[in-house]
$ cat target23.cif   # mmCIF, C-alpha atoms and all ligand atoms
data_start
loop_
_atom_site.group_PDB
_atom_site.id
_atom_site.type_symbol
_atom_site.label_atom_id
_atom_site.label_comp_id
_atom_site.auth_asym_id
_atom_site.auth_seq_id
_atom_site.Cartn_x
_atom_site.Cartn_y
_atom_site.Cartn_z
ATOM 1 C CA MET A 1 6.226 25.813 12.577
ATOM 2 C CA ASN A 2 4.954 29.308 11.775
ATOM 3 C CA ARG A 3 1.638 30.005 10.077
ATOM 4 C CA GLN A 4 3.144 30.401 6.609
ATOM 5 C CA ASN A 5 5.052 27.106 6.889
ATOM 6 C CA PHE A 6 1.972 25.362 8.219
ATOM 7 C CA CYS A 7 -0.112 26.557 5.237
ATOM 8 C CA ASP A 8 2.629 25.467 2.808
ATOM 9 C CA LYS A 9 2.798 22.060 4.457
ATOM 10 C CA LEU A 10 -0.973 21.690 4.323
ATOM 11 C CA ILE A 11 -1.045 22.481 0.604
ATOM 12 C CA GLU A 12 1.892 20.130 -0.035
ATOM 13 C CA GLU A 13 0.121 17.274 1.772
ATOM 14 C CA PHE A 14 -3.153 17.975 -0.022
ATOM 15 C CA ASP A 15 -1.325 17.969 -3.364
ATOM 16 C CA ARG A 16 0.433 14.691 -2.520
ATOM 17 C CA GLY A 17 -2.888 13.081 -1.596
ATOM 18 C CA LEU A 18 -4.601 14.336 -4.721
ATOM 19 C CA ARG A 19 -1.786 13.026 -6.939
ATOM 20 C CA THR A 20 -2.006 9.636 -5.263
ATOM 21 C CA LEU A 21 -5.731 9.437 -5.857
ATOM 22 C CA THR A 22 -5.886 10.787 -9.388
ATOM 23 C CA LYS A 23 -2.795 9.819 -11.401
ATOM 24 C CA SER A 24 -3.913 7.350 -14.018
ATOM 25 C CA SER A 25 -0.702 6.957 -16.052
ATOM 26 C CA ARG A 26 2.092 6.895 -13.544
ATOM 27 C CA ILE A 27 5.698 6.786 -14.682
ATOM 28 C CA THR A 28 7.554 4.466 -12.348
ATOM 29 C CA PRO A 29 11.287 3.839 -12.068
ATOM 30 C CA ARG A 30 10.807 0.069 -12.174
ATOM 31 C CA GLU A 31 9.138 -1.796 -14.984
ATOM 32 C CA ASN A 32 5.935 -3.671 -14.380
ATOM 33 C CA PRO A 33 7.033 -7.268 -13.559
ATOM 34 C CA ALA A 34 4.166 -8.564 -15.732
ATOM 35 C CA LYS A 35 5.216 -6.526 -18.776
ATOM 36 C CA ASP A 36 6.669 -9.393 -20.820
ATOM 37 C CA ILE A 37 4.252 -12.063 -19.680
ATOM 38 C CA HIS A 38 1.648 -13.155 -22.203
ATOM 39 C CA GLY A 39 -0.280 -15.738 -20.231
ATOM 40 C CA THR A 40 -3.287 -17.835 -21.171
ATOM 41 C CA GLU A 41 -6.500 -15.903 -21.761
ATOM 42 C CA LEU A 42 -8.707 -15.880 -18.678
ATOM 43 C CA SER A 43 -12.377 -16.875 -18.660
ATOM 44 C CA ALA A 44 -14.952 -14.259 -17.619
ATOM 45 C CA GLN A 45 -15.190 -15.863 -14.207
ATOM 46 C CA GLU A 46 -11.424 -15.899 -13.739
ATOM 47 C CA MET A 47 -11.184 -12.277 -14.821
ATOM 48 C CA GLN A 48 -13.800 -11.332 -12.258
ATOM 49 C CA LEU A 49 -11.957 -13.123 -9.457
ATOM 50 C CA SER A 50 -8.561 -11.673 -10.443
ATOM 51 C CA GLY A 51 -10.124 -8.235 -10.842
ATOM 52 C CA ARG A 52 -11.582 -8.326 -7.353
ATOM 53 C CA LEU A 53 -8.344 -9.525 -5.802
ATOM 54 C CA MET A 54 -6.329 -6.869 -7.636
ATOM 55 C CA ARG A 55 -8.850 -4.225 -6.562
ATOM 56 C CA VAL A 56 -8.159 -5.211 -2.957
ATOM 57 C CA ASN A 57 -4.422 -4.889 -3.639
ATOM 58 C CA HIS A 58 -4.915 -1.540 -5.328
ATOM 59 C CA ALA A 59 -6.867 -0.285 -2.297
ATOM 60 C CA GLY A 60 -4.089 -1.664 -0.081
ATOM 61 C CA GLU A 61 -1.490 0.300 -2.024
ATOM 62 C CA ILE A 62 -3.568 3.464 -1.745
ATOM 63 C CA ALA A 63 -3.714 2.803 2.002
ATOM 64 C CA ALA A 64 0.072 2.224 2.057
ATOM 65 C CA GLN A 65 0.572 5.647 0.484
ATOM 66 C CA GLY A 66 -1.682 7.180 3.123
ATOM 67 C CA LEU A 67 0.154 5.412 5.943
ATOM 68 C CA TYR A 68 3.619 6.404 4.743
ATOM 69 C CA HIS A 69 2.639 9.990 3.948
ATOM 70 C CA GLY A 70 0.923 10.335 7.326
ATOM 71 C CA GLN A 71 3.869 8.853 9.184
ATOM 72 C CA ALA A 72 6.373 11.002 7.294
ATOM 73 C CA LEU A 73 4.394 14.033 8.464
ATOM 74 C CA THR A 74 4.974 13.240 12.127
ATOM 75 C CA ALA A 75 8.310 11.341 11.965
ATOM 76 C CA ARG A 76 10.982 12.974 14.129
ATOM 77 C CA ASP A 77 14.273 11.436 13.087
ATOM 78 C CA GLU A 78 15.701 12.350 9.657
ATOM 79 C CA THR A 79 16.780 8.729 8.884
ATOM 80 C CA THR A 80 13.274 7.487 9.697
ATOM 81 C CA LEU A 81 11.771 10.175 7.509
ATOM 82 C CA GLN A 82 14.053 9.247 4.603
ATOM 83 C CA GLN A 83 13.191 5.550 4.949
ATOM 84 C CA MET A 84 9.463 6.414 4.921
ATOM 85 C CA ARG A 85 9.990 8.375 1.722
ATOM 86 C CA VAL A 86 11.999 5.571 0.039
ATOM 87 C CA SER A 87 9.393 2.951 0.950
ATOM 88 C CA ALA A 88 6.528 5.235 -0.151
ATOM 89 C CA LYS A 89 8.290 5.653 -3.504
ATOM 90 C CA GLU A 90 8.469 1.878 -3.982
ATOM 91 C CA GLU A 91 4.812 1.641 -2.973
ATOM 92 C CA GLU A 92 4.090 4.027 -5.851
ATOM 93 C CA ASP A 93 5.399 1.355 -8.221
ATOM 94 C CA HIS A 94 3.016 -1.137 -6.626
ATOM 95 C CA LEU A 95 0.143 1.275 -7.041
ATOM 96 C CA ALA A 96 0.938 1.802 -10.723
ATOM 97 C CA TRP A 97 1.273 -1.937 -11.404
ATOM 98 C CA CYS A 98 -2.039 -2.663 -9.656
ATOM 99 C CA GLU A 99 -3.706 0.112 -11.651
ATOM 100 C CA GLN A 100 -2.346 -1.266 -14.912
ATOM 101 C CA ARG A 101 -3.510 -4.784 -14.072
ATOM 102 C CA LEU A 102 -6.953 -3.525 -13.022
ATOM 103 C CA ASN A 103 -7.301 -1.835 -16.415
ATOM 104 C CA GLU A 104 -6.338 -5.046 -18.199
ATOM 105 C CA LEU A 105 -8.877 -6.958 -16.136
ATOM 106 C CA GLN A 106 -11.489 -4.285 -16.931
ATOM 107 C CA THR A 107 -12.208 -3.844 -13.251
ATOM 108 C CA PRO A 108 -12.910 -0.451 -11.688
ATOM 109 C CA ARG A 109 -10.949 0.628 -8.643
ATOM 110 C CA SER A 110 -12.698 0.637 -5.280
ATOM 111 C CA MET A 111 -15.488 3.226 -5.140
ATOM 112 C CA ILE A 112 -14.327 4.349 -1.725
ATOM 113 C CA THR A 113 -10.673 4.797 -2.654
ATOM 114 C CA PRO A 114 -10.411 8.315 -1.101
ATOM 115 C CA LEU A 115 -11.641 6.874 2.178
ATOM 116 C CA TRP A 116 -8.819 4.299 2.208
ATOM 117 C CA TYR A 117 -6.303 7.097 1.740
ATOM 118 C CA ILE A 118 -7.722 9.531 4.267
ATOM 119 C CA GLY A 119 -8.292 6.865 6.930
ATOM 120 C CA SER A 120 -4.789 5.454 6.500
ATOM 121 C CA TYR A 121 -3.236 8.904 6.501
ATOM 122 C CA ALA A 122 -4.873 9.633 9.851
ATOM 123 C CA ILE A 123 -3.726 6.283 11.269
ATOM 124 C CA GLY A 124 -0.173 6.840 9.958
ATOM 125 C CA ALA A 125 0.075 10.363 11.358
ATOM 126 C CA THR A 126 -1.222 9.141 14.722
ATOM 127 C CA ALA A 127 1.287 6.268 14.789
ATOM 128 C CA GLY A 128 4.050 8.790 14.070
ATOM 129 C CA LEU A 129 3.052 10.830 17.121
ATOM 130 C CA PHE A 130 4.016 7.946 19.410
ATOM 131 C CA GLY A 131 7.657 8.367 18.388
ATOM 132 C CA ASP A 132 9.885 6.726 15.843
ATOM 133 C CA LYS A 133 10.463 3.346 17.476
ATOM 134 C CA TRP A 134 6.695 2.740 17.686
ATOM 135 C CA SER A 135 6.067 4.258 14.306
ATOM 136 C CA LEU A 136 8.695 1.993 12.738
ATOM 137 C CA GLY A 137 7.259 -0.932 14.686
ATOM 138 C CA PHE A 138 3.903 -0.075 13.156
ATOM 139 C CA VAL A 139 5.461 -0.135 9.661
ATOM 140 C CA ALA A 140 7.135 -3.489 10.372
ATOM 141 C CA GLU A 141 3.875 -5.023 11.613
ATOM 142 C CA THR A 142 1.859 -3.563 8.709
ATOM 143 C CA GLU A 143 4.311 -4.900 6.150
ATOM 144 C CA ASN A 144 4.308 -8.265 7.882
ATOM 145 C CA GLN A 145 0.516 -8.459 7.679
ATOM 146 C CA VAL A 146 0.548 -7.288 4.054
ATOM 147 C CA GLU A 147 3.061 -10.000 3.173
ATOM 148 C CA THR A 148 0.793 -12.662 4.695
ATOM 149 C CA HIS A 149 -2.196 -11.178 2.896
ATOM 150 C CA LEU A 150 -0.373 -11.189 -0.465
ATOM 151 C CA GLN A 151 0.554 -14.837 0.021
ATOM 152 C CA SER A 152 -3.153 -15.609 0.548
ATOM 153 C CA HIS A 153 -3.888 -13.884 -2.773
ATOM 154 C CA LEU A 154 -1.232 -15.964 -4.531
ATOM 155 C CA ASP A 155 -3.112 -19.016 -3.273
ATOM 156 C CA LYS A 156 -6.505 -17.684 -4.428
ATOM 157 C CA LEU A 157 -5.618 -16.332 -7.879
ATOM 158 C CA PRO A 158 -6.784 -18.274 -10.931
ATOM 159 C CA ILE A 159 -4.056 -20.729 -11.851
ATOM 160 C CA HIS A 160 -3.506 -19.140 -15.303
ATOM 161 C CA ASP A 161 -3.223 -15.554 -14.115
ATOM 162 C CA ASP A 162 0.551 -15.281 -14.434
ATOM 163 C CA LYS A 163 0.471 -11.505 -14.873
ATOM 164 C CA SER A 164 -1.237 -10.758 -11.541
ATOM 165 C CA ARG A 165 0.935 -13.405 -9.918
ATOM 166 C CA ALA A 166 4.169 -11.752 -11.126
ATOM 167 C CA ILE A 167 3.033 -8.376 -9.759
ATOM 168 C CA ILE A 168 1.999 -9.777 -6.388
ATOM 169 C CA GLU A 169 5.216 -11.772 -6.006
ATOM 170 C CA MET A 170 7.341 -8.680 -6.606
ATOM 171 C CA MET A 171 5.205 -6.636 -4.199
ATOM 172 C CA LYS A 172 5.503 -9.315 -1.553
ATOM 173 C CA GLU A 173 9.292 -9.241 -1.854
ATOM 174 C CA ASP A 174 9.318 -5.429 -1.516
ATOM 175 C CA GLU A 175 7.003 -5.491 1.521
ATOM 176 C CA ARG A 176 9.342 -7.933 3.233
ATOM 177 C CA ARG A 177 12.242 -5.517 2.654
ATOM 178 C CA HIS A 178 10.210 -2.556 3.922
ATOM 179 C CA GLY A 179 9.421 -4.480 7.097
ATOM 180 C CA ASP A 180 13.085 -5.478 7.570
ATOM 181 C CA ALA A 181 14.234 -1.886 7.001
ATOM 182 C CA ALA A 182 11.804 -0.614 9.647
ATOM 183 C CA ARG A 183 12.962 -3.246 12.151
ATOM 184 C CA ASN A 184 16.634 -2.487 11.426
ATOM 185 C CA LEU A 185 16.022 1.195 12.103
ATOM 186 C CA GLY A 186 14.753 0.346 15.582
ATOM 187 C CA GLY A 187 11.091 -0.559 15.110
ATOM 188 C CA VAL A 188 9.779 -2.457 18.129
ATOM 189 C CA ASP A 189 7.232 -5.284 18.329
ATOM 190 C CA LEU A 190 3.761 -3.871 18.887
ATOM 191 C CA PRO A 191 1.624 -5.176 21.766
ATOM 192 C CA LYS A 192 -0.603 -8.118 20.741
ATOM 193 C CA PRO A 193 -3.910 -6.192 21.139
ATOM 194 C CA VAL A 194 -2.616 -3.527 18.740
ATOM 195 C CA GLN A 195 -1.612 -6.213 16.231
ATOM 196 C CA LYS A 196 -5.094 -7.737 16.540
ATOM 197 C CA GLY A 197 -6.710 -4.305 16.069
ATOM 198 C CA MET A 198 -4.647 -3.743 12.919
ATOM 199 C CA GLN A 199 -5.709 -7.140 11.585
ATOM 200 C CA ALA A 200 -9.369 -6.217 12.211
ATOM 201 C CA VAL A 201 -9.027 -2.887 10.358
ATOM 202 C CA SER A 202 -7.271 -4.598 7.469
ATOM 203 C CA LYS A 203 -10.029 -7.226 7.323
ATOM 204 C CA ILE A 204 -12.640 -4.469 6.960
ATOM 205 C CA MET A 205 -10.598 -2.889 4.189
ATOM 206 C CA THR A 206 -9.886 -6.048 2.237
ATOM 207 C CA THR A 207 -13.496 -7.244 2.469
ATOM 208 C CA GLY A 208 -14.854 -3.801 1.545
ATOM 209 C CA ALA A 209 -12.556 -3.357 -1.462
ATOM 210 C CA TYR A 210 -13.329 -6.887 -2.707
ATOM 211 C CA TRP A 211 -16.975 -5.930 -3.197
ATOM 212 C CA VAL A 212 -17.024 -2.151 -3.828
HETATM 213 FE FE FE A 301 2.999 -2.202 -1.450
HETATM 214 FE FE FE A 302 5.514 -1.885 1.667
#

$ encode --input "target23.cif" --output "structure tokens" --more "lines below"
Ligand SMILES: [Fe+2]
Ligand SMILES: [Fe+2]
Amino acid sequence: MNRQNFCDKLIEEFDRGLRTLTKSSRITPRENPAKDIHGTELSAQEMQLSGRLMRVNHAGEIAAQGLYHGQALTARDETTLQQMRVSAKEEEDHLAWCEQRLNELQTPRSMITPLWYIGSYAIGATAGLFGDKWSLGFVAETENQVETHLQSHLDKLPIHDDKSRAIIEMMKEDERRHGDAARNLGGVDLPKPVQKGMQAVSKIMTTGAYWV
């Protein structure tokens, strides 16, 4: 890559990151799964709990954007790159739905949102450097962990919060497909210590975003 191309790429990546962090009214190809749900009104306490859980999911979707953008930067194979872009596009829907639900729940997004993006971008780009089969394995493992995490949120959500539930259920289904796609493209199982390390990082993120 010559200097001109490198500068263009840098600006493109910066622009992509900025759009991810700042867009407040995203137009998404798919409708919000909670659009036609008019559930029971939540109590203040229930709204607070749902708001915190959806803030964690919003931070997770910001991180997903960072991971996919970072991995796309260093992906080598064109098919892998295309899959990263398709999955990142679907993650944009998730991000928009989480944002919309956060607004309804009158809950601010995580105060350290840029940190989730930058940190995940760095992790994604690093994973991509190990080559596509490891990078895809990383996607598969991430999506697997996200799916488990989303199930735990379905169990914790207030019983009446049908809107958040509909969003999370659709996201969970998409994450499963993203994981399958990565495995089908040749993603390998990551070593156990790496899986454990990823769980630890995700624990820090989910706990952090729950509170701030
Ligand atoms: Fe997602
Ligand atoms: Fe995903």

$ closest_residue --input "target23.cif" --among "A:Leu42, A:Leu21, A:Ala72, A:Met84" --to "A:Leu185" --atoms "all atoms listed in the file"
A:Met84

$ closest_atom_pairs --input "target23.cif" --of "chain A" --to "ligand FE 301 (chain A)" --cutoff "7 Å" --atoms "all atoms listed in the file" --output "CSV"
residue,atom,partner,partner_atom,distance
A:Glu61,CA,A:FE301,FE,5.2
A:Ala64,CA,A:FE301,FE,6.4
A:Glu91,CA,A:FE301,FE,4.5
A:His94,CA,A:FE301,FE,5.3
A:Met171,CA,A:FE301,FE,5.7
A:Glu175,CA,A:FE301,FE,6.0

$ residues_around --input "target23.cif" --residues "stretch 141-148 of chain A" --least-positions-apart "5" --cutoff "7 Å" --atoms "only C-alpha atoms" --output "count of residues only"
5

$ resolve_selection --input "target23.cif" --expression "the PyMOL selection byres (((chain A and resi 168) around 10) and not hetatm)" --output "MDAnalysis selection string"
chainID A and resid 33:34 54 57 94 97:98 147 150:151 153:154 162:167 169:174

$ residues_around --input "target23.cif" --residues "A:Gly70" --least-positions-apart "6" --cutoff "7 Å" --atoms "all atoms listed in the file" --output "PyMOL selection string"
chain A and resi 121-122+124-125

$ resolve_selection --input "target23.cif" --expression "the PyMOL selection byres (((chain A and resi 18) around 12) and not hetatm)" --output "ChimeraX atom specification"
/A:11-17,19-24,62,65-66,113-114,117-118

$ write_last_selection --input "target23.cif" --atoms "C-alpha atoms" --output "PDB file, in the frame of the given file"
ATOM      1  CA  ILE A  11      -1.045  22.481   0.604  1.00  0.00           C
ATOM      2  CA  GLU A  12       1.892  20.130  -0.035  1.00  0.00           C
ATOM      3  CA  GLU A  13       0.121  17.274   1.772  1.00  0.00           C
ATOM      4  CA  PHE A  14      -3.153  17.975  -0.022  1.00  0.00           C
ATOM      5  CA  ASP A  15      -1.325  17.969  -3.364  1.00  0.00           C
ATOM      6  CA  ARG A  16       0.433  14.691  -2.520  1.00  0.00           C
ATOM      7  CA  GLY A  17      -2.888  13.081  -1.596  1.00  0.00           C
ATOM      8  CA  ARG A  19      -1.786  13.026  -6.939  1.00  0.00           C
ATOM      9  CA  THR A  20      -2.006   9.636  -5.263  1.00  0.00           C
ATOM     10  CA  LEU A  21      -5.731   9.437  -5.857  1.00  0.00           C
ATOM     11  CA  THR A  22      -5.886  10.787  -9.388  1.00  0.00           C
ATOM     12  CA  LYS A  23      -2.795   9.819 -11.401  1.00  0.00           C
ATOM     13  CA  SER A  24      -3.913   7.350 -14.018  1.00  0.00           C
ATOM     14  CA  ILE A  62      -3.568   3.464  -1.745  1.00  0.00           C
ATOM     15  CA  GLN A  65       0.572   5.647   0.484  1.00  0.00           C
ATOM     16  CA  GLY A  66      -1.682   7.180   3.123  1.00  0.00           C
ATOM     17  CA  THR A 113     -10.673   4.797  -2.654  1.00  0.00           C
ATOM     18  CA  PRO A 114     -10.411   8.315  -1.101  1.00  0.00           C
ATOM     19  CA  TYR A 117      -6.303   7.097   1.740  1.00  0.00           C
ATOM     20  CA  ILE A 118      -7.722   9.531   4.267  1.00  0.00           C
TER      21      ILE A 118
END

$ atom_distance --input "target23.cif" --atom1 "atom CA of A:Arg26" --atom2 "atom CA of A:Arg177"
22.8 Å

$ atom_distance --input "target23.cif" --atom1 "atom CA of A:Pro108" --atom2 "atom CA of A:His58"
10.3 Å

$ resolve_selection --input "target23.cif" --expression "the PyMOL selection byres (((chain A and resi 158) around 8) and not hetatm)" --output "VMD selection string"
chain A and resid 46 49 to 50 156 to 157 159 to 161

$ residues_near_point --input "target23.cif" --point "(-5.4, -0.7, -11.8)" --cutoff "9 Å" --atoms "only C-alpha atoms" --output "ChimeraX atom specification"
/A:24,51,54-55,58,95-109

$ atom_distance --input "target23.cif" --atom1 "atom CA of A:His149" --atom2 "atom CA of A:Thr74"
27.1 Å

$ closest_atom_pairs --input "target23.cif" --of "stretch 20-114 of chain A" --to "stretch 188-205 of chain A" --cutoff "8 Å" --atoms "all atoms listed in the file" --output "tab-separated table"
residue	atom	partner	partner_atom	distance
A:Val56	CA	A:Met205	CA	7.9
A:Ala59	CA	A:Met205	CA	7.9
A:Gly60	CA	A:Met205	CA	7.9

$ axis_aligned_box --input "target23.cif" --around "stretch 44-51 of chain A" --padding-each-side "4 Å" --output "AutoDock Vina command-line options"
--center_x -11.9 --center_y -12.1 --center_z -13.5 --size_x 14.6 --size_y 15.7 --size_z 16.2

$ closest_residue --input "target23.cif" --among "A:Arg52, A:Arg85, A:Lys9, A:Arg30" --to "ligand FE 302 (chain A)" --atoms "only C-alpha atoms and all ligand atoms"
A:Arg85

$ closest_residue --input "target23.cif" --among "A:Trp211, A:Trp116, A:Tyr68, A:Phe6" --to "ligand FE 302 (chain A)" --atoms "only C-alpha atoms and all ligand atoms"
A:Tyr68
